[in-house]
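Below is one structure, written out as structure tokens; comments come after it.
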Amino acid sequence: MDAIRIYGGKCLDGQTKIQGSKNASLPVLAATLLIKGTCEIENCPEISDVYHMLRLLESLGCKVIREGTLVRVNTEQVSECDMPADSVGVMRSSIMLLGALLARVGRVEMDYPGGCVIGARPIDLHLQSLRKMGVTVREREGGFLACVCRLKGAVHKLPFISVGVTENLVLAAVLAEGTTVIEPAAREPEIQTLCGFLKLAGADITGIGSDRLVIRGVSRLEPVSFRIPADRIVAGTYLAACMCAGGRVFLQDAPERHMESVLCFAGQMGAGITCEPDGLMVTCRARPKGCDRLVTGCYPAFPTDLQSPFMAAMSVSDRPGWVEENVFENRFRIVPELMKMGADIAVCRNRAYVGGRSRLRGAVVQAEELRGGAALVAAGLAAQGTTIVTNRHYIDRGYEDITLSLRELGAEIELA
Ligand code: UD1
């Protein structure tokens, strides 16, 4: 039972509530390590990546209590120890614990982090930047050991923009001695959330939301209660699903403020979008309008995480277009699967030509990573007949219950 069955060809009509953000909750949970006492994190999504992060925190000595989407983390007893290799290996965000643990206990031994197979995803820039803050790193087969007596602030002129590196350096810097500058810093909303959480706890961070973060180290942080915002990528996935199927849906709590490029692109493809006080009303024609070019990039550009769901929508649009992927080199893994469903797509390096068909056909297809898996489910809604998406566990990493949410939106979909 690791699959999803979709009976396609039906317009959507319904509403669903958008879950808390995965990419915001993971660094915030890692950041609790910097705060002695109990932090309360609300609206943490019930997804497997959060489960793994909580397991890692427990393995470090934290006491974790979870009541649905409310998580309490008590970090009084944190000590260095081995983290469970399977949880480190399963998700990229385990690297987030590096900056926080160095600040808290000064020594980290861990395996290289895992995560979706969407490119090389090395951690060279994480390690290189932390070395500038006084950290000694010794790499070993399959992992590394990092040690520091006291983290020191540093001026980081980064060679490229990285979400994870920015987050790790923020975590390392808030309790460090002196001032840290990160430039260019990633500006993703999830980084703004992490900085907002840390500021509430007493951190001194300026430049939030810009590409230059300045962090002055403070001596301690205080426990806080904090609410994770809704997930812009999940909201964008269900928007793309509606574009695939046609129909009218209400996405309650969708964070429209952080979805500008996505809403703009969806609008060009013919989606009618109205921002209401508590969410987004989306109306889509039976077949999306074609669009010339979808180009991914760092925020505020179009997010790479929504490239696959929108490629699914483009594959049933009324004229051809191009997708250009500029963040991860291996994010076209769904192309052969979409082609099994009849899509007309050709890939050349980081570009894909998407022909646009009047309809896809149901098929058995395989999810190979999180967002690609969700995109195949969206494609299944646009297909004639039944689609089975295998490897559901990839999708469970980031979506609380994609079958339930899409059923609420009027889809015929079930676990298989
Ligand atoms: C985060 C998000 C992911 C999103 C991505 C880009 C989380 C948990 N994940 O991933 O969903 O798709 O941002 O918005 O928040 N790189 C290196 N060396 C490094 C670090 C990164 O070469 O040390 C490269 C990566 O291979 C990639 C690029 O930098 O090509 C950007 O990656 P990065 O922004 O770091 O992505 P993540 O933080 O892994």
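Residue names in the structure tokens use chain letters A, B, ... in the order shown, residue numbers from 1 in each chain, and ligand numbers from 1 in the order shown.
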Show me which residues are within 6 Å of ligand 1 counting only C-alpha atoms and all ligand atoms, and format the list as a ChimeraX atom specification. /A:23,93,120-126,162-165,304-305,327-328
What are the DSSP helix (DSSP H, G or I) residues of region 30-249 of chain A, as a PyMOL selection string? chain A and resi 30-34+48-59+85-90+92-104+124-131+163-173+189-200+232-245
Selected residues written out, C-alpha atoms, as a CSV table (one decimal), in the first residue's frame:
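Result written to result_12.csv:
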```csv
chain,number,residue,atom,x,y,z
A,30,ALA,CA,16.3,22.8,14.6
A,31,ALA,CA,16.5,26.3,16.0
A,32,THR,CA,14.8,25.2,19.3
A,33,LEU,CA,18.2,23.6,20.1
A,34,LEU,CA,19.6,27.1,20.6
A,48,SER,CA,7.3,12.3,7.6
A,49,ASP,CA,10.1,14.9,7.4
A,50,VAL,CA,8.8,16.6,10.6
A,51,TYR,CA,8.6,13.1,12.2
A,52,HIS,CA,12.2,12.5,11.3
A,53,MET,CA,13.3,15.9,12.6
A,54,LEU,CA,11.6,15.3,15.9
A,55,ARG,CA,13.2,11.9,16.1
A,56,LEU,CA,16.6,13.5,15.6
A,57,LEU,CA,15.9,16.0,18.3
A,58,GLU,CA,14.9,13.2,20.7
A,59,SER,CA,18.1,11.4,19.9
A,85,ALA,CA,21.5,7.4,10.5
A,86,ASP,CA,18.2,6.5,8.8
A,87,SER,CA,16.7,9.9,9.8
A,88,VAL,CA,19.8,11.8,8.8
A,89,GLY,CA,19.9,9.9,5.5
A,90,VAL,CA,16.3,10.4,4.6
A,92,ARG,CA,18.3,17.0,3.5
A,93,SER,CA,17.2,19.2,6.4
A,94,SER,CA,19.2,17.1,8.9
A,95,ILE,CA,22.1,19.4,7.8
A,96,MET,CA,20.2,22.2,9.6
A,97,LEU,CA,21.1,20.6,12.9
A,98,LEU,CA,24.7,21.3,12.2
A,99,GLY,CA,24.8,25.0,12.8
A,100,ALA,CA,22.4,24.8,15.8
A,101,LEU,CA,24.3,21.9,17.4
A,102,LEU,CA,27.7,23.6,17.0
A,103,ALA,CA,26.3,26.6,18.8
A,104,ARG,CA,24.8,24.4,21.5
A,124,ASP,CA,30.5,21.9,0.5
A,125,LEU,CA,29.4,25.5,1.0
A,126,HIS,CA,27.9,24.6,4.4
A,127,LEU,CA,31.2,23.2,5.6
A,128,GLN,CA,33.4,25.9,4.0
A,129,SER,CA,31.3,28.7,5.5
A,130,LEU,CA,31.2,27.2,9.0
A,131,ARG,CA,35.0,26.8,8.8
A,163,VAL,CA,18.6,28.4,1.2
A,164,GLY,CA,20.1,25.8,3.4
A,165,VAL,CA,23.5,27.5,3.8
A,166,THR,CA,21.7,30.8,4.7
A,167,GLU,CA,19.7,29.0,7.4
A,168,ASN,CA,22.6,27.1,8.8
A,169,LEU,CA,24.7,30.3,9.1
A,170,VAL,CA,21.9,32.1,10.8
A,171,LEU,CA,21.6,29.2,13.3
A,172,ALA,CA,25.4,29.3,13.9
A,173,ALA,CA,25.5,33.1,14.2
A,189,PRO,CA,9.8,33.3,3.1
A,190,GLU,CA,11.0,30.3,5.1
A,191,ILE,CA,14.2,32.2,6.0
A,192,GLN,CA,12.1,35.1,7.1
A,193,THR,CA,10.1,32.7,9.3
A,194,LEU,CA,13.2,31.3,10.8
A,195,CYS,CA,14.6,34.8,11.5
A,196,GLY,CA,11.2,35.8,12.9
A,197,PHE,CA,11.2,32.9,15.3
A,198,LEU,CA,14.8,33.7,16.5
A,199,LYS,CA,14.1,37.4,16.9
A,200,LEU,CA,11.1,36.6,19.0
A,232,ARG,CA,3.2,28.1,-0.2
A,233,ILE,CA,4.4,25.0,-2.1
A,234,VAL,CA,1.5,22.9,-1.0
A,235,ALA,CA,-0.9,25.7,-1.9
A,236,GLY,CA,0.8,26.0,-5.3
A,237,THR,CA,0.6,22.2,-5.9
A,238,TYR,CA,-3.2,22.3,-5.4
A,239,LEU,CA,-3.5,25.3,-7.6
A,240,ALA,CA,-1.6,23.4,-10.3
A,241,ALA,CA,-3.9,20.4,-9.7
A,242,CYS,CA,-6.9,22.6,-10.4
A,243,MET,CA,-5.3,23.9,-13.5
A,244,CYS,CA,-4.8,20.3,-14.6
A,245,ALA,CA,-8.4,19.2,-13.9
```
Against region 218-231 of chain A, which residues of region 54-120 of chain A fall within 10 Å? For each one I want the closest pair of atoms and the distance in Å (one decimal), counting only C-alpha atoms, rows by chain and increasing residue number, as a Markdown table.
```
| residue | atom | partner | partner_atom | distance |
| --- | --- | --- | --- | --- |
| A:Thr69 | CA | A:Ile228 | CA | 9.8 |
| A:Leu70 | CA | A:Arg227 | CA | 9.1 |
| A:Val71 | CA | A:Ser225 | CA | 9.9 |
| A:Arg72 | CA | A:Ser225 | CA | 9.0 |
| A:Val73 | CA | A:Pro223 | CA | 9.7 |
| A:Asn74 | CA | A:Pro223 | CA | 9.2 |
| A:Thr75 | CA | A:Pro223 | CA | 9.8 |
```
For the selection just defined, write its residues with N, CA and C atoms to a file, as a PDB file, in the first residue's frame.
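Final file, result-v8.pdb:
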```pdb
ATOM      1  N   THR A  69      -0.844  19.039  15.427  1.00  0.00           N
ATOM      2  CA  THR A  69       0.120  19.947  14.794  1.00  0.00           C
ATOM      3  C   THR A  69       0.843  20.835  15.806  1.00  0.00           C
ATOM      4  N   LEU A  70       0.562  20.610  17.094  1.00  0.00           N
ATOM      5  CA  LEU A  70       1.279  21.376  18.132  1.00  0.00           C
ATOM      6  C   LEU A  70       2.455  20.534  18.650  1.00  0.00           C
ATOM      7  N   VAL A  71       3.634  21.129  18.625  1.00  0.00           N
ATOM      8  CA  VAL A  71       4.825  20.403  19.093  1.00  0.00           C
ATOM      9  C   VAL A  71       5.493  21.202  20.203  1.00  0.00           C
ATOM     10  N   ARG A  72       5.775  20.523  21.317  1.00  0.00           N
ATOM     11  CA  ARG A  72       6.562  21.174  22.388  1.00  0.00           C
ATOM     12  C   ARG A  72       7.917  20.507  22.437  1.00  0.00           C
ATOM     13  N   VAL A  73       8.978  21.328  22.403  1.00  0.00           N
ATOM     14  CA  VAL A  73      10.332  20.777  22.453  1.00  0.00           C
ATOM     15  C   VAL A  73      11.034  21.343  23.677  1.00  0.00           C
ATOM     16  N   ASN A  74      11.415  20.444  24.583  1.00  0.00           N
ATOM     17  CA  ASN A  74      12.193  20.853  25.759  1.00  0.00           C
ATOM     18  C   ASN A  74      13.647  20.461  25.513  1.00  0.00           C
ATOM     19  N   THR A  75      14.531  21.450  25.529  1.00  0.00           N
ATOM     20  CA  THR A  75      15.928  21.202  25.143  1.00  0.00           C
ATOM     21  C   THR A  75      16.891  21.330  26.325  1.00  0.00           C
TER      22      THR A  75
END
```
Taking into account only C-alpha atoms, which residue in the set A:Gly20, A:Gly143, A:Gly134, A:Pro300 is nearest to Pro255 (chain A)?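 Under the stated criterion, the closest residue is A:Gly20.
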Any idea what's packed within 8 Å of region 314-321 of chain A, counting only C-alpha atoms, ignoring anything in its chain fewer than 2 positions away? Could you give it as a PyMOL selection string? chain A and resi 244+287-294+310-312+323+343-345+353-360+382
What's the 12 Å shell around Glu369 (chain A), counting only C-alpha atoms, without same-chain residues fewer than 2 positions away, as a VMD selection string? chain A and resid 90 to 91 114 to 119 305 308 330 to 334 366 to 367 371 to 376 389 to 398
What gap, in Å, lies between CA of Glu400 (chain A) and CA of Gln15 (chain A)?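 For CA of Glu400 (chain A) relative to CA of Gln15 (chain A), the distance reads 15.6 Å.
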Rounded to one decimal in Å, what is the spacing between CA of Ser405 (chain A) and CA of His258 (chain A)?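 Going from CA of Ser405 (chain A) over to CA of His258 (chain A) covers 21.1 Å.
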So, with only C-alpha atoms as the atoms that count, which of A:Gly9, A:Gly270, A:Pro309, A:Gly14 lies closest to Leu406 (chain A)?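 That would be A:Gly14, the residue with the smallest distance to Leu406 (chain A).
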Selection near Ala416 (chain A), 9 Å with only C-alpha atoms, sequence-local residues under 4 positions removed, as a PyMOL selection string: chain A and resi 1-5+388-390
Please report as a tab-separated table every residue of region 194-240 of chain A lying within 12 Å of region 145-154 of chain A, along with the nearest atom pair and their distance in Å (one decimal), using only C-alpha atoms.
```
residue	atom	partner	partner_atom	distance
A:Leu213	CA	A:Ala154	CA	11.8
A:Val214	CA	A:Gly153	CA	10.0
A:Ile215	CA	A:Gly153	CA	8.3
A:Arg216	CA	A:Gly153	CA	7.9
A:Gly217	CA	A:Gly153	CA	7.4
A:Val218	CA	A:Gly153	CA	11.1
A:Ser219	CA	A:Arg150	CA	11.9
```
Report as a VMD selection string all protein, DNA and RNA residues lying within 8 Å of Leu158 (chain A), evaluated on only C-alpha atoms, omitting residues in the same chain fewer than 2 positions from it. chain A and resid 156 160 to 161 182 to 184
